[in-house]
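Shown next: structure-v5.tsv, given as TSV, C-alpha atoms.
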chain	number	residue	atom	x	y	z
A	1	MET	CA	18.12	7.74	2.76
A	2	MET	CA	14.89	9.68	2.21
A	3	GLN	CA	14.41	7.99	-1.16
A	4	ARG	CA	14.71	4.56	0.46
A	5	LEU	CA	12.16	5.57	3.09
A	6	GLU	CA	9.82	6.81	0.35
A	7	LYS	CA	10.15	3.54	-1.58
A	8	LEU	CA	9.57	1.50	1.58
A	9	ILE	CA	6.42	3.45	2.38
A	10	GLU	CA	5.21	3.07	-1.21
A	11	TYR	CA	5.71	-0.72	-1.06
A	12	VAL	CA	3.98	-0.95	2.32
A	13	VAL	CA	1.00	1.09	1.05
A	14	ILE	CA	0.75	-1.07	-2.08
A	15	ALA	CA	0.92	-4.26	-0.01
A	16	MET	CA	-1.72	-3.00	2.42
A	17	MET	CA	-4.06	-2.00	-0.38
A	18	GLY	CA	-3.55	-5.41	-1.97
A	19	ILE	CA	-4.41	-7.14	1.29
A	20	VAL	CA	-7.50	-4.95	1.70
A	21	ALA	CA	-8.63	-5.73	-1.85
A	22	LEU	CA	-8.06	-9.47	-1.40
A	23	THR	CA	-9.85	-9.44	1.96
A	24	ILE	CA	-12.88	-7.65	0.58
A	25	MET	CA	-13.01	-9.87	-2.53
A	26	SER	CA	-12.74	-12.95	-0.33
A	27	GLU	CA	-15.59	-11.69	1.83
A	28	VAL	CA	-17.77	-11.06	-1.21
A	29	ALA	CA	-16.96	-14.52	-2.60
A	30	ALA	CA	-17.64	-16.17	0.78
A	31	ARG	CA	-21.02	-14.47	1.09
A	32	THR	CA	-22.00	-15.04	-2.53
A	33	PHE	CA	-20.89	-18.62	-3.10
A	34	PHE	CA	-20.72	-20.16	0.36
A	35	THR	CA	-23.38	-18.15	2.26
A	36	THR	CA	-20.94	-17.56	5.07
A	37	SER	CA	-18.80	-14.68	6.22
A	38	LEU	CA	-15.16	-14.31	7.11
A	39	ILE	CA	-14.91	-13.20	10.71
A	40	VAL	CA	-11.87	-10.95	10.34
A	41	SER	CA	-12.57	-9.24	7.02
A	42	GLU	CA	-14.30	-6.12	8.34
A	43	GLU	CA	-11.78	-5.39	11.10
A	44	LEU	CA	-8.74	-6.24	9.02
A	45	SER	CA	-9.78	-4.06	6.10
A	46	ARG	CA	-10.78	-1.16	8.38
A	47	TYR	CA	-7.51	-1.08	10.31
A	48	LEU	CA	-5.37	-1.57	7.22
A	49	MET	CA	-7.21	1.31	5.55
A	50	ILE	CA	-6.42	3.55	8.54
A	51	TRP	CA	-2.73	2.73	8.25
A	52	THR	CA	-2.82	3.04	4.47
A	53	ALA	CA	-4.45	6.46	4.64
A	54	MET	CA	-1.95	7.80	7.17
A	55	LEU	CA	1.04	6.55	5.20
A	56	ALA	CA	-0.43	7.81	1.92
A	57	VAL	CA	-0.87	11.28	3.44
A	58	ALA	CA	2.89	11.40	3.92
A	59	LEU	CA	3.56	10.27	0.35
A	60	VAL	CA	1.21	12.88	-1.09
A	61	ALA	CA	2.76	15.58	1.10
A	62	LYS	CA	6.18	14.59	-0.21
A	63	ASP	CA	5.06	15.47	-3.74
A	64	ASN	CA	3.08	18.54	-2.61
A	65	GLY	CA	-0.01	16.85	-3.97
A	66	HIS	CA	-2.60	17.90	-1.42
A	67	ILE	CA	-5.43	20.12	-2.61
A	68	ARG	CA	-4.78	23.83	-2.31
A	69	ILE	CA	-6.26	27.02	-3.67
A	70	ASN	CA	-3.77	29.10	-5.64
A	71	MET	CA	-6.02	32.06	-6.38
A	72	PHE	CA	-4.09	34.33	-4.01
A	73	THR	CA	-0.60	32.88	-4.20
A	74	ASP	CA	-0.48	32.89	-8.01
A	75	LYS	CA	-0.70	36.68	-7.92
A	76	LEU	CA	2.37	36.98	-5.69
A	77	GLY	CA	5.89	37.54	-6.88
A	78	PRO	CA	8.58	34.87	-6.44
A	79	LYS	CA	9.85	36.13	-3.08
A	80	ALA	CA	6.39	36.64	-1.59
A	81	GLY	CA	5.29	33.25	-2.94
A	82	LEU	CA	8.32	31.62	-1.35
A	83	PHE	CA	7.53	33.35	1.94
A	84	VAL	CA	3.87	32.25	1.90
A	85	ALA	CA	4.79	28.68	0.95
A	86	THR	CA	7.36	28.52	3.75
A	87	ILE	CA	4.91	29.91	6.33
A	88	SER	CA	2.30	27.42	5.10
A	89	ASP	CA	4.73	24.52	5.47
A	90	LEU	CA	5.74	25.66	8.96
A	91	MET	CA	2.08	25.85	10.00
A	92	VAL	CA	1.50	22.32	8.66
A	93	ILE	CA	4.56	21.07	10.55
A	94	ALA	CA	3.37	22.74	13.76
A	95	PHE	CA	-0.10	21.20	13.43
A	96	LEU	CA	1.37	17.76	12.73
A	97	ALA	CA	3.76	18.08	15.68
A	98	VAL	CA	0.79	18.72	17.99
A	99	LEU	CA	-0.97	15.74	16.42
A	100	VAL	CA	2.06	13.51	17.04
A	101	VAL	CA	2.40	14.60	20.66
A	102	TYR	CA	-1.25	14.18	21.56
A	103	SER	CA	-1.66	10.91	19.70
A	104	ILE	CA	1.38	9.50	21.53
A	105	LEU	CA	-0.09	10.68	24.83
A	106	GLN	CA	-3.28	8.81	23.95
A	107	MET	CA	-1.50	5.50	23.29
A	108	PRO	CA	-1.13	4.28	26.92
A	109	ARG	CA	-4.87	4.70	27.43
A	110	LEU	CA	-5.51	2.34	24.53
A	111	ALA	CA	-2.98	-0.30	25.52
A	112	ASN	CA	-5.58	-2.25	27.53
A	113	GLN	CA	-8.09	-2.40	24.69
A	114	GLY	CA	-8.13	-5.05	22.00
A	115	THR	CA	-9.97	-5.59	18.76
A	116	VAL	CA	-12.88	-8.03	18.84
A	117	THR	CA	-11.97	-10.55	16.16
A	118	LEU	CA	-8.27	-10.00	15.52
A	119	GLY	CA	-7.28	-9.67	19.17
A	120	LEU	CA	-4.96	-6.85	18.18
A	121	ASN	CA	-3.97	-4.26	20.75
A	122	MET	CA	-5.72	-1.01	19.82
A	123	ALA	CA	-2.51	0.92	20.50
A	124	TRP	CA	-1.16	-0.61	17.27
A	125	VAL	CA	-4.15	0.66	15.36
A	126	TYR	CA	-3.88	4.16	16.80
A	127	ALA	CA	-0.11	4.19	16.22
A	128	ALA	CA	-0.95	5.00	12.61
A	129	MET	CA	-1.61	8.60	13.65
A	130	PRO	CA	1.80	9.51	15.12
A	131	VAL	CA	3.66	7.43	12.54
A	132	GLY	CA	1.83	8.98	9.60
A	133	ALA	CA	2.01	12.50	11.00
A	134	GLY	CA	5.70	12.07	11.86
A	135	LEU	CA	6.52	10.89	8.35
A	136	THR	CA	4.52	13.77	6.92
A	137	ILE	CA	6.57	16.19	9.04
A	138	LEU	CA	9.75	14.71	7.57
A	139	PHE	CA	8.54	15.04	4.00
A	140	VAL	CA	7.09	18.55	4.41
A	141	ALA	CA	10.27	19.74	6.15
A	142	ARG	CA	12.37	18.24	3.37
A	143	ARG	CA	10.19	19.84	0.69
A	144	CYS	CA	10.40	23.20	2.49
A	145	TRP	CA	14.17	22.94	2.82
A	146	ASP	CA	14.56	22.03	-0.85
A	147	ARG	CA	12.37	24.98	-1.84
A	148	LEU	CA	14.42	27.40	0.26
A	149	MET	CA	17.74	26.06	-1.09
A	150	ARG	CA	16.60	26.07	-4.74
A	151	THR	CA	18.28	28.46	-7.13
A	152	PRO	CA	15.85	31.32	-7.97
A	153	GLY	CA	14.15	30.96	-11.32
A	154	THR	CA	14.51	27.16	-11.59
A	155	GLU	CA	10.83	26.52	-11.06
A	156	GLU	CA	7.81	28.43	-12.25
A	157	SER	CA	6.02	28.41	-8.89
A	158	PRO	CA	7.52	28.41	-5.40
A	159	LEU	CA	4.55	26.40	-4.15
Could you render the structure from this file as C-alpha coordinates?
Amino acid sequence: MMQRLEKLIEYVVIAMMGIVALTIMSEVAARTFFTTSLIVSEELSRYLMIWTAMLAVALVAKDNGHIRINMFTDKLGPKAGLFVATISDLMVIAFLAVLVVYSILQMPRLANQGTVTLGLNMAWVYAAMPVGAGLTILFVARRCWDRLMRTPGTEESPL
(Lines of atoms letter the chains of each structure in order from A and count residues from 1; the text may use other names and numbers.)
(Lines give C-alpha, C1' and ligand atoms only; values in the text may rest on other atoms or scores of the structure.)
Protein backbone atom coordinates (compact mmCIF):
# COMPACT_ATOMS: atom_id res chain seq x y z
CA MET A 1 0.00 0.00 0.00
CA MET A 2 2.87 2.38 0.78
CA GLN A 3 4.31 1.82 -2.69
CA ARG A 4 0.99 2.77 -4.27
CA LEU A 5 0.86 5.91 -2.15
CA GLU A 6 4.43 6.77 -3.17
CA LYS A 7 3.60 6.31 -6.86
CA LEU A 8 0.44 8.39 -6.53
CA ILE A 9 2.36 11.22 -4.88
CA GLU A 10 5.05 11.02 -7.56
CA TYR A 11 2.43 11.29 -10.33
CA VAL A 12 0.70 14.19 -8.59
CA VAL A 13 4.01 16.04 -8.15
CA ILE A 14 4.92 15.46 -11.81
CA ALA A 15 1.49 16.65 -12.95
CA MET A 16 1.68 19.76 -10.76
CA MET A 17 5.14 20.63 -12.01
CA GLY A 18 3.93 20.16 -15.58
CA ILE A 19 1.00 22.49 -14.97
CA VAL A 20 3.31 25.07 -13.38
CA ALA A 21 5.70 24.87 -16.33
CA LEU A 22 2.87 25.19 -18.86
CA THR A 23 1.33 28.09 -16.95
CA ILE A 24 4.59 30.00 -16.78
CA MET A 25 5.39 29.32 -20.45
CA SER A 26 1.90 30.45 -21.42
CA GLU A 27 2.36 33.64 -19.41
CA VAL A 28 5.69 34.35 -21.09
CA ALA A 29 4.19 33.69 -24.52
CA ALA A 30 1.17 35.89 -23.76
CA ARG A 31 3.36 38.77 -22.64
CA THR A 32 5.86 38.38 -25.46
CA PHE A 33 3.61 37.79 -28.45
CA PHE A 34 0.24 39.23 -27.45
CA THR A 35 1.26 42.01 -25.02
CA THR A 36 -1.27 40.76 -22.52
CA SER A 37 -1.15 38.75 -19.34
CA LEU A 38 -3.00 35.72 -18.07
CA ILE A 39 -4.87 36.68 -14.94
CA VAL A 40 -4.47 33.38 -13.09
CA SER A 41 -0.88 32.45 -13.93
CA GLU A 42 0.83 33.98 -10.89
CA GLU A 43 -1.62 32.61 -8.31
CA LEU A 44 -1.96 29.21 -9.92
CA SER A 45 1.79 28.66 -10.19
CA ARG A 46 2.41 29.93 -6.64
CA TYR A 47 -0.16 27.68 -5.00
CA LEU A 48 0.77 24.65 -7.06
CA MET A 49 4.41 25.17 -6.10
CA ILE A 50 3.43 25.21 -2.42
CA TRP A 51 1.63 21.89 -2.81
CA THR A 52 4.43 20.47 -4.95
CA ALA A 53 7.06 21.41 -2.39
CA MET A 54 5.16 19.88 0.51
CA LEU A 55 4.52 16.64 -1.34
CA ALA A 56 8.11 16.49 -2.59
CA VAL A 57 9.39 16.86 0.99
CA ALA A 58 7.61 13.61 1.81
CA LEU A 59 9.07 11.84 -1.22
CA VAL A 60 12.60 12.97 -0.39
CA ALA A 61 12.14 11.92 3.25
CA LYS A 62 11.04 8.49 2.05
CA ASP A 63 14.43 8.01 0.40
CA ASN A 64 16.34 9.69 3.25
CA GLY A 65 17.48 12.28 0.73
CA HIS A 66 17.44 15.42 2.85
CA ILE A 67 20.75 17.14 3.49
CA ARG A 68 22.56 16.01 6.61
CA ILE A 69 26.03 16.28 8.04
CA ASN A 70 27.64 12.90 8.70
CA MET A 71 30.86 14.14 10.26
CA PHE A 72 29.86 12.89 13.71
CA THR A 73 27.69 9.91 12.87
CA ASP A 74 30.24 8.35 10.51
CA LYS A 75 32.59 7.92 13.46
CA LEU A 76 30.02 5.93 15.45
CA GLY A 77 29.74 2.18 15.53
CA PRO A 78 26.73 0.38 14.05
CA LYS A 79 24.70 0.29 17.28
CA ALA A 80 25.40 3.90 18.21
CA GLY A 81 24.68 4.98 14.63
CA LEU A 82 21.38 3.13 14.71
CA PHE A 83 20.52 4.80 18.02
CA VAL A 84 21.36 8.29 16.72
CA ALA A 85 19.45 7.72 13.48
CA THR A 86 16.41 6.49 15.41
CA ILE A 87 16.49 9.45 17.81
CA SER A 88 16.86 11.78 14.83
CA ASP A 89 13.85 10.23 13.11
CA LEU A 90 11.77 10.45 16.28
CA MET A 91 12.65 14.13 16.66
CA VAL A 92 11.64 14.77 13.04
CA ILE A 93 8.36 12.93 13.61
CA ALA A 94 7.68 14.95 16.78
CA PHE A 95 8.36 18.24 14.97
CA LEU A 96 6.14 17.24 12.06
CA ALA A 97 3.36 16.14 14.43
CA VAL A 98 3.39 19.60 16.03
CA LEU A 99 3.34 21.12 12.54
CA VAL A 100 0.33 19.00 11.56
CA VAL A 101 -1.61 19.88 14.71
CA TYR A 102 -0.99 23.62 14.54
CA SER A 103 -1.57 23.85 10.80
CA ILE A 104 -4.90 22.04 11.20
CA LEU A 105 -5.83 24.43 14.02
CA GLN A 106 -5.08 27.31 11.65
CA MET A 107 -7.39 26.02 8.90
CA PRO A 108 -10.75 27.29 10.28
CA ARG A 109 -9.33 30.81 10.49
CA LEU A 110 -8.54 30.69 6.78
CA ALA A 111 -11.86 29.25 5.65
CA ASN A 112 -13.36 32.71 5.11
CA GLN A 113 -10.51 33.93 2.93
CA GLY A 114 -10.29 33.40 -0.80
CA THR A 115 -7.67 33.93 -3.46
CA VAL A 116 -8.04 37.03 -5.62
CA THR A 117 -8.14 35.62 -9.14
CA LEU A 118 -8.86 31.92 -8.69
CA GLY A 119 -11.54 32.37 -6.04
CA LEU A 120 -10.08 29.38 -4.23
CA ASN A 121 -10.64 29.01 -0.50
CA MET A 122 -7.31 29.67 1.23
CA ALA A 123 -7.88 26.69 3.50
CA TRP A 124 -7.17 24.49 0.45
CA VAL A 125 -3.89 26.26 -0.11
CA TYR A 126 -2.84 25.94 3.52
CA ALA A 127 -3.95 22.30 3.62
CA ALA A 128 -0.66 21.54 1.88
CA MET A 129 1.11 21.90 5.23
CA PRO A 130 -0.71 19.21 7.25
CA VAL A 131 -0.99 16.91 4.24
CA GLY A 132 2.70 17.17 3.38
CA ALA A 133 3.83 16.92 7.00
CA GLY A 134 1.49 13.97 7.62
CA LEU A 135 2.82 12.10 4.60
CA THR A 136 6.36 12.86 5.70
CA ILE A 137 5.58 11.39 9.13
CA LEU A 138 4.39 8.20 7.43
CA PHE A 139 7.51 7.88 5.31
CA VAL A 140 9.96 8.74 8.10
CA ALA A 141 8.22 6.31 10.47
CA ARG A 142 8.34 3.60 7.82
CA ARG A 143 12.02 4.27 7.13
CA CYS A 144 12.78 4.18 10.86
CA TRP A 145 10.86 0.93 11.30
CA ASP A 146 12.64 -0.66 8.34
CA ARG A 147 16.01 0.43 9.75
CA LEU A 148 15.24 -1.05 13.16
CA MET A 149 14.00 -4.34 11.67
CA ARG A 150 16.94 -4.71 9.25
CA THR A 151 19.35 -7.57 9.80
CA PRO A 152 22.65 -6.18 11.19
CA GLY A 153 25.39 -5.86 8.62
CA THR A 154 23.11 -5.62 5.57
CA GLU A 155 23.84 -1.97 4.98
CA GLU A 156 27.04 -0.01 5.36
CA SER A 157 25.47 2.90 7.25
CA PRO A 158 22.49 2.87 9.61
CA LEU A 159 21.61 6.39 8.50
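Take CA of Asp63 in chain A and CA of Leu22 in chain A: the distance between them is 28.3 Å.
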Surrounding residues of Val12 in chain A excluding itself and chain neighbours under 2 positions, 12 Å, all atoms listed in the file, as a PDB file with C-alpha atoms, keeping the file's coordinate frame:
ATOM      1  CA  LEU A   5      12.160   5.570   3.090  1.00  0.00           C
ATOM      2  CA  GLU A   6       9.820   6.810   0.350  1.00  0.00           C
ATOM      3  CA  LYS A   7      10.150   3.540  -1.580  1.00  0.00           C
ATOM      4  CA  LEU A   8       9.570   1.500   1.580  1.00  0.00           C
ATOM      5  CA  ILE A   9       6.420   3.450   2.380  1.00  0.00           C
ATOM      6  CA  GLU A  10       5.210   3.070  -1.210  1.00  0.00           C
ATOM      7  CA  ILE A  14       0.750  -1.070  -2.080  1.00  0.00           C
ATOM      8  CA  ALA A  15       0.920  -4.260  -0.010  1.00  0.00           C
ATOM      9  CA  MET A  16      -1.720  -3.000   2.420  1.00  0.00           C
ATOM     10  CA  MET A  17      -4.060  -2.000  -0.380  1.00  0.00           C
ATOM     11  CA  GLY A  18      -3.550  -5.410  -1.970  1.00  0.00           C
ATOM     12  CA  ILE A  19      -4.410  -7.140   1.290  1.00  0.00           C
ATOM     13  CA  LEU A  48      -5.370  -1.570   7.220  1.00  0.00           C
ATOM     14  CA  MET A  49      -7.210   1.310   5.550  1.00  0.00           C
ATOM     15  CA  TRP A  51      -2.730   2.730   8.250  1.00  0.00           C
ATOM     16  CA  THR A  52      -2.820   3.040   4.470  1.00  0.00           C
ATOM     17  CA  ALA A  53      -4.450   6.460   4.640  1.00  0.00           C
ATOM     18  CA  MET A  54      -1.950   7.800   7.170  1.00  0.00           C
ATOM     19  CA  LEU A  55       1.040   6.550   5.200  1.00  0.00           C
ATOM     20  CA  ALA A  56      -0.430   7.810   1.920  1.00  0.00           C
ATOM     21  CA  LEU A  59       3.560  10.270   0.350  1.00  0.00           C
TER      22      LEU A  59
END
Non-local contacts of Val101 in chain A (12 Å; all atoms listed in the file; under 3 positions in same chain excluded) as a PDB file with C-alpha atoms, in the frame of the given file:
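Full text of out-v4.pdb as output:
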ATOM      1  CA  ALA A  94       3.370  22.740  13.760  1.00  0.00           C
ATOM      2  CA  PHE A  95      -0.100  21.200  13.430  1.00  0.00           C
ATOM      3  CA  LEU A  96       1.370  17.760  12.730  1.00  0.00           C
ATOM      4  CA  ALA A  97       3.760  18.080  15.680  1.00  0.00           C
ATOM      5  CA  VAL A  98       0.790  18.720  17.990  1.00  0.00           C
ATOM      6  CA  ILE A 104       1.380   9.500  21.530  1.00  0.00           C
ATOM      7  CA  LEU A 105      -0.090  10.680  24.830  1.00  0.00           C
ATOM      8  CA  GLN A 106      -3.280   8.810  23.950  1.00  0.00           C
ATOM      9  CA  MET A 107      -1.500   5.500  23.290  1.00  0.00           C
ATOM     10  CA  ALA A 127      -0.110   4.190  16.220  1.00  0.00           C
ATOM     11  CA  MET A 129      -1.610   8.600  13.650  1.00  0.00           C
ATOM     12  CA  PRO A 130       1.800   9.510  15.120  1.00  0.00           C
ATOM     13  CA  VAL A 131       3.660   7.430  12.540  1.00  0.00           C
ATOM     14  CA  ALA A 133       2.010  12.500  11.000  1.00  0.00           C
ATOM     15  CA  GLY A 134       5.700  12.070  11.860  1.00  0.00           C
TER      16      GLY A 134
END
Practice item. Identify, on the basis of only C-alpha atoms, every residue whose closest approach to Thr117 in chain A does not exceed 9 Å; exclude the query and any residue fewer than 3 positions from it along the same chain; express the result as a count of residues only. Key: 6
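The nearest approach to Thr115 in chain A among the residues A:Thr35, A:Val28, A:Glu42, A:Ala141, with only C-alpha atoms taken into account, belongs to A:Glu42.
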Requested in this report: For CA of Tyr126 in chain A and CA of Tyr102 in chain A, quote the distance in Å rounded to one decimal.
Outcome: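 Separation of CA of Tyr126 in chain A and CA of Tyr102 in chain A: 11.4 Å.
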Using all atoms listed in the file, the shortest atom-to-atom distance to Met91 in chain A among A:Val60, A:Val140, A:Met149, A:Ile67 belongs to A:Val140
What separates CA of Gly65 in chain A and CA of Met2 in chain A is a distance of 17.7 Å
All file atoms of range 89-96 of chain A boxed axis-aligned, 4 Å per side, centre plus edges, as JSON:
{"center_x": 2.8, "center_y": 21.8, "center_z": 9.6, "size_x": 13.8, "size_y": 16.1, "size_z": 16.3}
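Comparing A:Phe139, A:Phe83, A:Phe72, A:Trp145 by their smallest distance to Gln3 in chain A, the closest is A:Phe139 (using all atoms listed in the file).
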